[in-house]
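S.K.: Okay, so here is structure.tsv, and as you'll see once you scroll down, it has TSV, C-alpha atoms.
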chain	number	residue	atom	x	y	z
Z	863	MET	CA	77.45	110.56	96.16
Z	864	ASP	CA	81.01	109.25	95.70
Z	865	ARG	CA	83.42	109.75	98.54
Z	866	CYS	CA	87.15	109.34	98.94
Z	867	VAL	CA	87.68	105.96	100.61
Z	868	LEU	CA	90.80	104.59	102.35
Z	869	LEU	CA	92.99	107.36	100.97
Z	870	SER	CA	94.02	110.82	102.07
Z	871	GLN	CA	92.84	113.65	99.86
Z	872	ALA	CA	96.36	114.04	98.52
Z	873	LEU	CA	96.30	110.47	97.27
Z	874	CYS	CA	92.77	110.82	95.93
Z	875	ASP	CA	93.91	113.81	93.91
Z	876	GLY	CA	97.37	112.62	93.05
Z	877	LEU	CA	97.49	108.91	92.14
Z	878	ARG	CA	98.92	108.63	88.67
Z	879	SER	CA	97.63	106.44	85.89
Z	880	ASP	CA	100.67	106.48	83.59
Z	881	PRO	CA	102.14	103.12	82.57
Z	882	ILE	CA	105.77	102.16	82.99
Z	883	ASN	CA	107.02	104.07	79.96
Z	884	GLY	CA	105.27	107.26	81.09
Z	885	VAL	CA	102.97	107.42	78.07
Z	886	SER	CA	99.37	106.22	78.00
Z	887	ASP	CA	97.00	105.69	75.11
Z	888	ASP	CA	94.07	105.94	77.53
Z	889	PRO	CA	92.66	109.25	78.77
Z	890	PRO	CA	93.94	110.07	82.25
Z	891	ILE	CA	91.86	108.98	85.21
Z	892	PRO	CA	90.26	112.10	86.66
Z	893	PRO	CA	91.21	113.58	90.04
Z	894	ASN	CA	88.33	111.74	91.74
Z	895	SER	CA	90.17	108.42	91.26
Z	896	GLY	CA	89.88	107.81	95.00
Z	897	THR	CA	86.08	107.69	94.87
Z	898	VAL	CA	84.10	104.47	94.63
Z	899	HIS	CA	83.31	105.14	90.96
Z	900	GLY	CA	86.92	106.08	90.25
Z	901	LEU	CA	88.24	102.96	91.93
Z	902	GLY	CA	85.98	100.82	89.73
Z	903	LEU	CA	87.36	102.51	86.62
Z	904	ARG	CA	90.91	101.94	87.86
Z	905	LEU	CA	90.25	98.25	88.38
Z	906	ILE	CA	88.78	97.86	84.89
Z	907	ARG	CA	91.77	99.60	83.33
Z	908	ASP	CA	94.20	97.59	85.41
Z	909	GLN	CA	92.60	94.36	84.26
Z	910	ALA	CA	92.64	95.48	80.63
Z	911	GLY	CA	96.30	96.44	80.89
Z	912	ILE	CA	97.28	93.15	82.53
Z	913	TYR	CA	95.44	91.00	79.98
Z	914	SER	CA	96.72	92.95	76.98
Z	915	SER	CA	100.35	93.14	78.15
Z	916	PRO	CA	101.41	89.70	76.79
Z	917	PHE	CA	100.31	90.77	73.31
Z	918	HIS	CA	102.58	93.81	73.17
Z	919	ARG	CA	105.28	93.27	70.56
Z	920	ALA	CA	108.10	93.91	73.03
Z	921	ASN	CA	106.81	91.13	75.28
Z	922	LEU	CA	106.36	88.40	72.67
Z	923	LYS	CA	109.85	86.96	73.10
Z	924	TRP	CA	109.34	86.80	76.87
Z	925	ASP	CA	105.98	85.11	76.31
Z	926	ALA	CA	107.77	82.40	74.34
Z	927	VAL	CA	110.37	81.93	77.09
Z	928	PHE	CA	107.63	81.79	79.73
Z	929	LEU	CA	105.56	79.24	77.82
Z	930	ALA	CA	108.57	77.08	76.99
Z	931	GLY	CA	109.78	77.14	80.58
Z	932	THR	CA	106.32	76.30	81.91
Z	933	ALA	CA	106.00	73.40	79.47
Z	934	ALA	CA	109.41	72.05	80.53
Z	935	LEU	CA	108.49	72.25	84.20
Z	936	ILE	CA	105.14	70.54	83.65
Z	937	ALA	CA	106.91	67.74	81.77
Z	938	SER	CA	109.27	67.21	84.72
Z	939	ASP	CA	106.72	67.71	87.52
Z	940	LYS	CA	106.05	64.05	88.13
Z	941	ARG	CA	109.76	63.32	88.57
Z	942	THR	CA	110.64	66.37	90.69
Z	943	ILE	CA	107.74	66.02	93.12
Z	944	GLY	CA	108.74	62.42	93.64
Z	945	GLU	CA	112.01	63.64	95.17
Z	946	VAL	CA	110.18	65.53	97.93
Z	947	SER	CA	110.19	63.79	101.30
Z	948	ASN	CA	107.06	63.51	103.41
Z	949	ALA	CA	109.08	64.02	106.59
Z	950	ASN	CA	108.68	67.79	107.01
Z	951	ILE	CA	105.42	68.49	105.22
Z	952	ASP	CA	103.72	70.14	108.20
Z	953	LEU	CA	106.72	72.38	108.89
Z	954	SER	CA	106.84	73.49	105.26
Z	955	ARG	CA	103.14	74.29	105.23
Z	956	ASN	CA	103.44	76.30	108.43
Z	957	ILE	CA	106.35	78.28	106.99
Z	958	SER	CA	104.43	79.06	103.80
Z	959	ASN	CA	101.40	80.24	105.77
Z	960	ALA	CA	103.56	82.36	108.08
Z	961	GLY	CA	105.31	83.89	105.07
Z	962	ILE	CA	102.19	85.01	103.24
Z	963	TYR	CA	100.31	86.16	106.34
Z	964	GLY	CA	103.40	87.96	107.60
Z	965	THR	CA	103.84	89.81	104.31
Z	966	GLY	CA	100.17	90.79	104.33
Z	967	ALA	CA	100.47	91.99	107.93
Z	968	ALA	CA	103.54	94.04	106.99
Z	969	ALA	CA	101.67	95.72	104.13
Z	970	GLY	CA	98.76	96.45	106.44
Z	971	ALA	CA	101.09	97.87	109.08
Z	972	ILE	CA	102.71	100.16	106.50
Z	973	TRP	CA	99.29	101.45	105.43
Z	974	LEU	CA	98.10	101.95	109.03
Z	975	THR	CA	101.31	103.77	109.90
Z	976	GLY	CA	100.74	106.03	106.92
Z	977	VAL	CA	97.21	106.82	108.06
Z	978	VAL	CA	98.30	107.57	111.63
Z	979	THR	CA	101.35	109.63	110.67
Z	980	HIS	CA	99.76	111.18	107.55
Z	981	ASP	CA	102.51	109.71	105.38
Z	982	PRO	CA	101.18	109.55	101.79
Z	983	HIS	CA	104.00	107.24	100.64
Z	984	ALA	CA	103.10	104.60	103.24
Z	985	GLN	CA	99.42	105.03	102.40
Z	986	GLU	CA	100.13	104.51	98.72
Z	987	THR	CA	102.14	101.38	99.50
Z	988	GLY	CA	99.32	99.80	101.47
Z	989	TYR	CA	96.68	100.84	99.00
Z	990	LEU	CA	98.53	99.67	95.87
Z	991	THR	CA	99.37	96.37	97.55
Z	992	THR	CA	95.67	95.81	98.12
Z	993	GLU	CA	94.83	96.93	94.60
Z	994	ALA	CA	97.40	94.53	93.16
Z	995	LEU	CA	95.91	91.65	95.15
Z	996	VAL	CA	92.43	92.54	93.91
Z	997	ASN	CA	93.75	92.45	90.34
Z	998	ALA	CA	95.52	89.13	90.93
Z	999	LEU	CA	92.42	87.41	92.31
Z	1000	PRO	CA	90.38	87.02	89.08
Z	1001	ILE	CA	93.47	85.82	87.21
Z	1002	TYR	CA	94.17	83.23	89.89
Z	1003	ALA	CA	90.54	82.09	90.04
Z	1004	GLY	CA	90.22	81.90	86.27
Z	1005	LEU	CA	93.34	79.80	85.82
Z	1006	GLN	CA	92.34	77.50	88.67
Z	1007	LEU	CA	88.89	76.90	87.21
Z	1008	ILE	CA	90.17	76.39	83.67
Z	1009	ALA	CA	93.24	74.25	84.44
Z	1010	GLY	CA	91.53	72.04	87.03
Z	1011	ARG	CA	94.83	70.44	87.98
Z	1012	GLU	CA	95.10	67.85	90.73
Z	1013	ARG	CA	97.45	68.57	93.62
Z	1014	PRO	CA	100.45	66.26	94.22
Z	1015	ASN	CA	98.55	64.23	96.81
Z	1016	GLU	CA	95.34	63.98	94.79
Z	1017	GLY	CA	94.31	61.32	92.31
Z	1018	VAL	CA	97.23	59.28	91.06
Z	1019	GLY	CA	99.74	61.97	92.03
Z	1020	GLN	CA	100.65	62.95	88.48
Z	1021	GLY	CA	99.12	66.42	88.43
Z	1022	ARG	CA	96.53	65.69	85.79
Z	1023	PHE	CA	94.82	68.73	84.29
Z	1024	LEU	CA	91.07	69.17	83.70
Z	1025	GLN	CA	90.21	67.01	86.72
Z	1026	ASN	CA	89.29	69.41	89.53
Z	1027	HIS	CA	87.68	72.59	88.26
Z	1028	SER	CA	87.57	74.50	91.54
Z	1029	ILE	CA	89.34	77.36	93.30
Z	1030	ASN	CA	91.32	74.90	95.37
Z	1031	SER	CA	93.19	73.07	92.65
Z	1032	SER	CA	96.91	73.09	91.98
Z	1033	PHE	CA	97.61	75.41	89.03
Z	1034	PRO	CA	98.79	78.05	89.75
Z	1035	SER	CA	99.89	78.30	93.38
Z	1036	GLY	CA	97.82	80.97	95.10
Z	1037	HIS	CA	100.24	81.32	98.02
Z	1038	ALA	CA	103.10	81.98	95.61
Z	1039	MET	CA	101.10	84.36	93.42
Z	1040	PHE	CA	99.79	86.51	96.26
Z	1041	ALA	CA	103.09	86.53	98.17
Z	1042	TRP	CA	104.99	87.75	95.11
Z	1043	THR	CA	102.27	90.28	94.25
Z	1044	MET	CA	102.62	91.93	97.66
Z	1045	ALA	CA	106.41	91.67	97.68
Z	1046	SER	CA	106.66	93.26	94.25
Z	1047	VAL	CA	104.66	96.34	95.21
Z	1048	ILE	CA	106.49	96.85	98.52
Z	1049	ALA	CA	109.94	96.37	96.95
Z	1050	HIS	CA	109.14	98.86	94.19
Z	1051	GLU	CA	107.77	101.41	96.65
Z	1052	TYR	CA	110.86	101.10	98.84
Z	1053	PRO	CA	113.65	99.99	96.46
Z	1054	HIS	CA	116.27	99.58	99.17
Z	1055	LYS	CA	118.42	96.47	99.15
Z	1056	TRP	CA	117.39	95.39	102.65
Z	1057	VAL	CA	113.69	95.79	101.82
Z	1058	LYS	CA	114.07	93.68	98.68
Z	1059	VAL	CA	115.97	91.00	100.61
Z	1060	LEU	CA	113.22	90.84	103.24
Z	1061	VAL	CA	110.12	90.83	101.01
Z	1062	TYR	CA	111.51	88.80	98.14
Z	1063	GLY	CA	113.12	86.44	100.63
Z	1064	ALA	CA	109.75	85.92	102.31
Z	1065	ALA	CA	108.03	85.38	98.95
Z	1066	GLY	CA	110.76	82.96	97.90
Z	1067	ALA	CA	110.35	81.03	101.15
Z	1068	VAL	CA	106.61	80.79	100.51
Z	1069	SER	CA	107.25	79.43	97.02
Z	1070	VAL	CA	109.84	76.87	98.10
Z	1071	THR	CA	107.80	75.57	101.02
Z	1072	ARG	CA	104.68	75.13	98.89
Z	1073	PHE	CA	106.80	72.64	96.95
Z	1074	THR	CA	108.47	70.95	99.92
Z	1075	GLY	CA	105.07	70.79	101.61
Z	1076	ARG	CA	103.78	68.84	98.59
Z	1077	GLU	CA	100.98	71.36	98.06
Z	1078	HIS	CA	101.98	72.19	94.48
Z	1079	PHE	CA	104.17	71.05	91.63
Z	1080	ALA	CA	107.16	73.15	90.59
Z	1081	SER	CA	105.35	74.51	87.51
Z	1082	ASP	CA	102.38	75.66	89.63
Z	1083	ILE	CA	104.72	77.63	91.87
Z	1084	ALA	CA	106.82	79.09	89.07
Z	1085	VAL	CA	103.78	80.34	87.17
Z	1086	GLY	CA	102.16	81.76	90.31
Z	1087	SER	CA	105.37	83.50	91.37
Z	1088	ILE	CA	106.06	85.07	87.98
Z	1089	LEU	CA	102.48	86.22	87.49
Z	1090	GLY	CA	102.36	87.65	91.00
Z	1091	TYR	CA	105.57	89.63	90.52
Z	1092	LEU	CA	104.42	91.00	87.17
Z	1093	ILE	CA	100.97	91.98	88.43
Z	1094	GLY	CA	102.45	93.83	91.40
Z	1095	ARG	CA	104.98	95.54	89.15
Z	1096	HIS	CA	102.30	96.54	86.66
Z	1097	VAL	CA	99.99	98.06	89.27
Z	1098	PHE	CA	102.89	99.94	90.86
Z	1099	HIS	CA	104.12	101.48	87.62
Z	1100	VAL	CA	100.64	102.41	86.43
Z	1101	HIS	CA	99.66	104.20	89.63
Z	1102	CYS	CA	102.86	105.13	91.49
Z	1103	ASN	CA	103.77	108.68	92.43
Z	1104	ALA	CA	107.25	109.68	91.27
Z	1105	ASP	CA	107.65	111.87	94.35
Z	1106	PHE	CA	107.53	108.80	96.59
Z	1107	SER	CA	109.78	106.19	94.97
Z	1108	GLU	CA	112.81	106.35	92.71
Z	1109	ALA	CA	111.59	103.14	91.05
Z	1110	CYS	CA	108.59	105.03	89.65
Z	1111	ARG	CA	109.25	106.01	86.06
Spit out the file's structure as structure tokens when you get a sec.
M.R.:
Amino acid sequence: MDRCVLLSQALCDGLRSDPINGVSDDPPIPPNSGTVHGLGLRLIRDQAGIYSSPFHRANLKWDAVFLAGTAALIASDKRTIGEVSNANIDLSRNISNAGIYGTGAAAGAIWLTGVVTHDPHAQETGYLTTEALVNALPIYAGLQLIAGRERPNEGVGQGRFLQNHSINSSFPSGHAMFAWTMASVIAHEYPHKWVKVLVYGAAGAVSVTRFTGREHFASDIAVGSILGYLIGRHVFHVHCNADFSEACR
């Protein structure tokens, strides 16, 4: 028998499934969306919405900008990574790890606080952050396996594609993607300037230090950051509760 998991009953009964424009072509997810079965349906619909989004007519011009920008960055990757010094690699890597783990800990603390204080807004924030990460994972893994790009310190250092088909290759940057996914959800849930400065600043620091730590090329980081932000934004707007955040439309 399905049970409500991780969520208060209010959230189980009240999580919305409307997209950003407030209108959905899909039938609404039933009130048992907090059950194991309901969560599976939510994940399937989230994935379908994420994969279909680039093909919406309104997004086609942005697709072109994204692809052109990515191509330009890839073309310049060999030159730009060559400008990065090896002097502070360890420091950069430590900062990037601290940034992503710190953001994850903050999201977990928000959720735990919501559980303890019975605050449904905090619970939603923690839950949707986790849900966004779950949705980001197959996209990250798929791109890594398909692209198979060498990291800056692998091979001949030119970031060749189709060389390392594993979930530890260079394209896209997982640290950047997951940091921006979490930051996007939190910043939309609490759209205060100081919150945005903190979470987007942390995500930006993660992105920059993955480059200065010679873990990824600039294009890897840009793609991961943009995808992470958009995935977090999508999950928020599809499932947010308008009573909790003014960013929910």
S.K.: Find the residues of stretch 949-1054 of chain Z that sit at most 7 Å from stretch 1064-1074 of chain Z; for each, write down the nearest two atoms and how far apart they are in Å, to one decimal. Count only C-alpha atoms. Sort by chain, then by number going up, and give it as JSON lines.
M.R.:
{"residue": "Z:Ile951", "atom": "CA", "partner": "Z:Thr1074", "partner_atom": "CA", "distance": 6.6}
{"residue": "Z:Ser954", "atom": "CA", "partner": "Z:Thr1071", "partner_atom": "CA", "distance": 4.8}
{"residue": "Z:Arg955", "atom": "CA", "partner": "Z:Thr1071", "partner_atom": "CA", "distance": 6.4}
{"residue": "Z:Ile957", "atom": "CA", "partner": "Z:Thr1071", "partner_atom": "CA", "distance": 6.7}
{"residue": "Z:Ser958", "atom": "CA", "partner": "Z:Val1068", "partner_atom": "CA", "distance": 4.3}
{"residue": "Z:Gly961", "atom": "CA", "partner": "Z:Ala1064", "partner_atom": "CA", "distance": 5.6}
{"residue": "Z:Ile962", "atom": "CA", "partner": "Z:Val1068", "partner_atom": "CA", "distance": 6.7}
{"residue": "Z:His1037", "atom": "CA", "partner": "Z:Val1068", "partner_atom": "CA", "distance": 6.9}
{"residue": "Z:Ala1038", "atom": "CA", "partner": "Z:Ser1069", "partner_atom": "CA", "distance": 5.1}
{"residue": "Z:Ala1041", "atom": "CA", "partner": "Z:Ala1065", "partner_atom": "CA", "distance": 5.1}
{"residue": "Z:Trp1042", "atom": "CA", "partner": "Z:Ala1065", "partner_atom": "CA", "distance": 5.4}
{"residue": "Z:Ala1045", "atom": "CA", "partner": "Z:Ala1065", "partner_atom": "CA", "distance": 6.6}
S.K.: Would you mind telling me which residue in Z:Arg1111, Z:His899, Z:His980, Z:Arg904 lies nearest to Z:Asn997 when using all atoms listed in the file?
M.R.: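 Closest to Z:Asn997 of all the choices is Z:Arg904.
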S.K.: Which residue, Z:Gly911, Z:Gly1036, Z:Pro982, Z:Gly944, has the smallest gap to Z:Gly1019 when you use only C-alpha atoms?
M.R.: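 So, comparing all the options, the nearest one is Z:Gly944.
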S.K.: Go through stretch 997-1110 of chain Z residue by residue and, counting only C-alpha atoms, keep those with an atom at most 12 Å from stretch 972-975 of chain Z; for each kept residue give the shortest atom pair and its distance in Å to one decimal, ordered by chain and increasing number, as a tab-separated table.
M.R.:
residue	atom	partner	partner_atom	distance
Z:Ile1048	CA	Z:Ile972	CA	9.4
Z:Glu1051	CA	Z:Ile972	CA	11.1
Z:Tyr1052	CA	Z:Ile972	CA	11.2
S.K.: Counting only C-alpha atoms, which of Z:Glu945, Z:Glu986, Z:Glu1077, Z:Glu1108 gets nearest to Z:Pro1014?
M.R.: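 Closest candidate: Z:Glu1077.
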S.K.: Report the distance between atom CA of Z:Pro1053 and atom CA of Z:Ala1109 in Å, rounded to one decimal place.
M.R.: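 Those two atoms sit 6.6 Å apart.
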S.K.: Report as a ChimeraX atom specification all protein, DNA and RNA residues lying within 7 Å of Z:Ile1029, evaluated on only C-alpha atoms, omitting residues in the same chain fewer than 5 positions from it.
M.R.: /Z:1003,1006-1007
S.K.: Contacts of Z:Arg941 at 12 Å or less, counting only C-alpha atoms, minus same-chain residues fewer than 2 places along, as a PyMOL selection string?
M.R.: chain Z and resi 934-939+943-946+1014+1019-1021+1079-1080
S.K.: List as a VMD selection string the protein and nucleic acid residues near Z:Ile1093, meaning an atom at most 7 Å away when all atoms listed in the file are counted, but skip any in the same chain fewer than 2 places from it.
M.R.: chain Z and resid 994 998 1043 1089 to 1091 1095 to 1097
S.K.: Between Z:Ser914, Z:Ala933, Z:Thr987, Z:Asn1015, which residue has the minimum interatomic distance to Z:Ser1081, considering only C-alpha atoms?
M.R.: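 The shortest atom-to-atom distance to Z:Ser1081 comes from Z:Ala933.
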S.K.: What is the atom CA of Z:Ser947 to atom CA of Z:Arg1076 distance in Å?
M.R.: 8.6 Å
S.K.: If you measure from atom CA of Z:His1078 to atom CA of Z:Arg1013, what distance in Å do you get, rounded to one decimal?
M.R.: 5.9 Å
S.K.: If we count all atoms listed in the file, what is near Z:Phe1023 at a cut-off of 7 Å, once residues fewer than 2 positions away on the same chain are taken out, given as a PyMOL selection string?
M.R.: chain Z and resi 1009-1012+1021+1025
S.K.: Go through Z:Cys1110, Z:Leu990, Z:Leu903, Z:Leu1024 one by one, measure the shortest atom-to-atom distance of each to Z:Gly1094 using only C-alpha atoms, and give the residue with the smallest value.
M.R.: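 Selected residue with least distance to Z:Gly1094: Z:Leu990.
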S.K.: From the list Z:Glu1016, Z:Ser1107, Z:Phe1040, Z:Lys1055, which residue is nearest Z:Asn959 when using only C-alpha atoms?
M.R.: Z:Phe1040
S.K.: Kindly compute an axis-aligned box around the listed atoms of stretch 1066-1075 of chain Z, allowing 4 Å on each side, and express its centre and edge lengths in Å to one decimal as lines of an AutoDock Vina configuration file.
M.R.:
center_x = 107.7
center_y = 76.9
center_z = 99.3
size_x = 14.1
size_y = 20.2
size_z = 12.7
S.K.: May I have the protein, DNA and RNA residues with any atom at most 6 Å from the point (107.7, 106.2, 101.7), counting only C-alpha atoms, written as a list in words?
M.R.: His983, Ala984 and Phe1106 of chain Z
S.K.: Kindly add N, CA and C atoms to the incomplete stretch 916-945 of chain Z and provide the output as an mmCIF file, in the coordinates of the input.
M.R.:
data_model
loop_
_atom_site.group_PDB
_atom_site.id
_atom_site.type_symbol
_atom_site.label_atom_id
_atom_site.label_comp_id
_atom_site.auth_asym_id
_atom_site.auth_seq_id
_atom_site.Cartn_x
_atom_site.Cartn_y
_atom_site.Cartn_z
ATOM 1 N N PRO Z 916 100.676 90.747 77.513
ATOM 2 C CA PRO Z 916 101.410 89.700 76.790
ATOM 3 C C PRO Z 916 101.387 89.849 75.274
ATOM 4 N N PHE Z 917 100.445 90.632 74.752
ATOM 5 C CA PHE Z 917 100.310 90.770 73.310
ATOM 6 C C PHE Z 917 101.071 91.973 72.758
ATOM 7 N N HIS Z 918 101.741 92.721 73.640
ATOM 8 C CA HIS Z 918 102.580 93.810 73.170
ATOM 9 C C HIS Z 918 103.805 93.228 72.461
ATOM 10 N N ARG Z 919 104.190 93.821 71.374
ATOM 11 C CA ARG Z 919 105.280 93.270 70.560
ATOM 12 C C ARG Z 919 106.549 93.063 71.367
ATOM 13 N N ALA Z 920 106.868 94.011 72.256
ATOM 14 C CA ALA Z 920 108.100 93.910 73.030
ATOM 15 C C ALA Z 920 108.090 92.732 73.994
ATOM 16 N N ASN Z 921 106.906 92.224 74.301
ATOM 17 C CA ASN Z 921 106.810 91.130 75.280
ATOM 18 C C ASN Z 921 106.710 89.750 74.639
ATOM 19 N N LEU Z 922 106.596 89.676 73.324
ATOM 20 C CA LEU Z 922 106.360 88.400 72.670
ATOM 21 C C LEU Z 922 107.496 87.400 72.905
ATOM 22 N N LYS Z 923 108.726 87.886 72.891
ATOM 23 C CA LYS Z 923 109.850 86.960 73.100
ATOM 24 C C LYS Z 923 109.834 86.407 74.527
ATOM 25 N N TRP Z 924 109.424 87.265 75.477
ATOM 26 C CA TRP Z 924 109.340 86.800 76.870
ATOM 27 C C TRP Z 924 108.170 85.852 77.046
ATOM 28 N N ASP Z 925 107.101 86.054 76.279
ATOM 29 C CA ASP Z 925 105.980 85.110 76.310
ATOM 30 C C ASP Z 925 106.453 83.721 75.888
ATOM 31 N N ALA Z 926 107.270 83.685 74.835
ATOM 32 C CA ALA Z 926 107.770 82.400 74.340
ATOM 33 C C ALA Z 926 108.647 81.712 75.387
ATOM 34 N N VAL Z 927 109.516 82.493 76.045
ATOM 35 C CA VAL Z 927 110.370 81.930 77.090
ATOM 36 C C VAL Z 927 109.515 81.411 78.248
ATOM 37 N N PHE Z 928 108.508 82.181 78.631
ATOM 38 C CA PHE Z 928 107.630 81.790 79.730
ATOM 39 C C PHE Z 928 106.881 80.502 79.412
ATOM 40 N N LEU Z 929 106.324 80.424 78.217
ATOM 41 C CA LEU Z 929 105.560 79.240 77.820
ATOM 42 C C LEU Z 929 106.467 78.011 77.708
ATOM 43 N N ALA Z 930 107.649 78.198 77.131
ATOM 44 C CA ALA Z 930 108.570 77.080 76.990
ATOM 45 C C ALA Z 930 109.046 76.588 78.357
ATOM 46 N N GLY Z 931 109.346 77.521 79.246
ATOM 47 C CA GLY Z 931 109.780 77.140 80.580
ATOM 48 C C GLY Z 931 108.683 76.430 81.364
ATOM 49 N N THR Z 932 107.453 76.937 81.225
ATOM 50 C CA THR Z 932 106.320 76.300 81.910
ATOM 51 C C THR Z 932 106.105 74.887 81.388
ATOM 52 N N ALA Z 933 106.186 74.724 80.065
ATOM 53 C CA ALA Z 933 106.000 73.400 79.470
ATOM 54 C C ALA Z 933 107.074 72.424 79.966
ATOM 55 N N ALA Z 934 108.320 72.908 80.063
ATOM 56 C CA ALA Z 934 109.410 72.050 80.530
ATOM 57 C C ALA Z 934 109.201 71.636 81.987
ATOM 58 N N LEU Z 935 108.738 72.568 82.796
ATOM 59 C CA LEU Z 935 108.490 72.250 84.200
ATOM 60 C C LEU Z 935 107.342 71.264 84.354
ATOM 61 N N ILE Z 936 106.281 71.472 83.584
ATOM 62 C CA ILE Z 936 105.140 70.540 83.650
ATOM 63 C C ILE Z 936 105.587 69.132 83.257
ATOM 64 N N ALA Z 937 106.429 69.051 82.229
ATOM 65 C CA ALA Z 937 106.910 67.740 81.770
ATOM 66 C C ALA Z 937 107.749 67.036 82.831
ATOM 67 N N SER Z 938 108.398 67.810 83.703
ATOM 68 C CA SER Z 938 109.270 67.210 84.720
ATOM 69 C C SER Z 938 108.613 67.146 86.096
ATOM 70 N N ASP Z 939 107.369 67.632 86.205
ATOM 71 C CA ASP Z 939 106.720 67.710 87.520
ATOM 72 C C ASP Z 939 106.609 66.366 88.230
ATOM 73 N N LYS Z 940 106.229 65.358 87.509
ATOM 74 C CA LYS Z 940 106.050 64.050 88.130
ATOM 75 C C LYS Z 940 107.344 63.552 88.746
ATOM 76 N N ARG Z 941 108.459 63.789 88.064
ATOM 77 C CA ARG Z 941 109.760 63.320 88.570
ATOM 78 C C ARG Z 941 110.219 64.164 89.752
ATOM 79 N N THR Z 942 110.111 65.503 89.637
ATOM 80 C CA THR Z 942 110.640 66.370 90.690
ATOM 81 C C THR Z 942 109.840 66.257 91.986
ATOM 82 N N ILE Z 943 108.528 66.137 91.890
ATOM 83 C CA ILE Z 943 107.740 66.020 93.120
ATOM 84 C C ILE Z 943 108.010 64.695 93.817
ATOM 85 N N GLY Z 944 108.425 63.714 93.045
ATOM 86 C CA GLY Z 944 108.740 62.420 93.640
ATOM 87 C C GLY Z 944 109.969 62.454 94.517
ATOM 88 N N GLU Z 945 110.800 63.508 94.354
ATOM 89 C CA GLU Z 945 112.010 63.640 95.170
ATOM 90 C C GLU Z 945 111.734 64.290 96.517
#
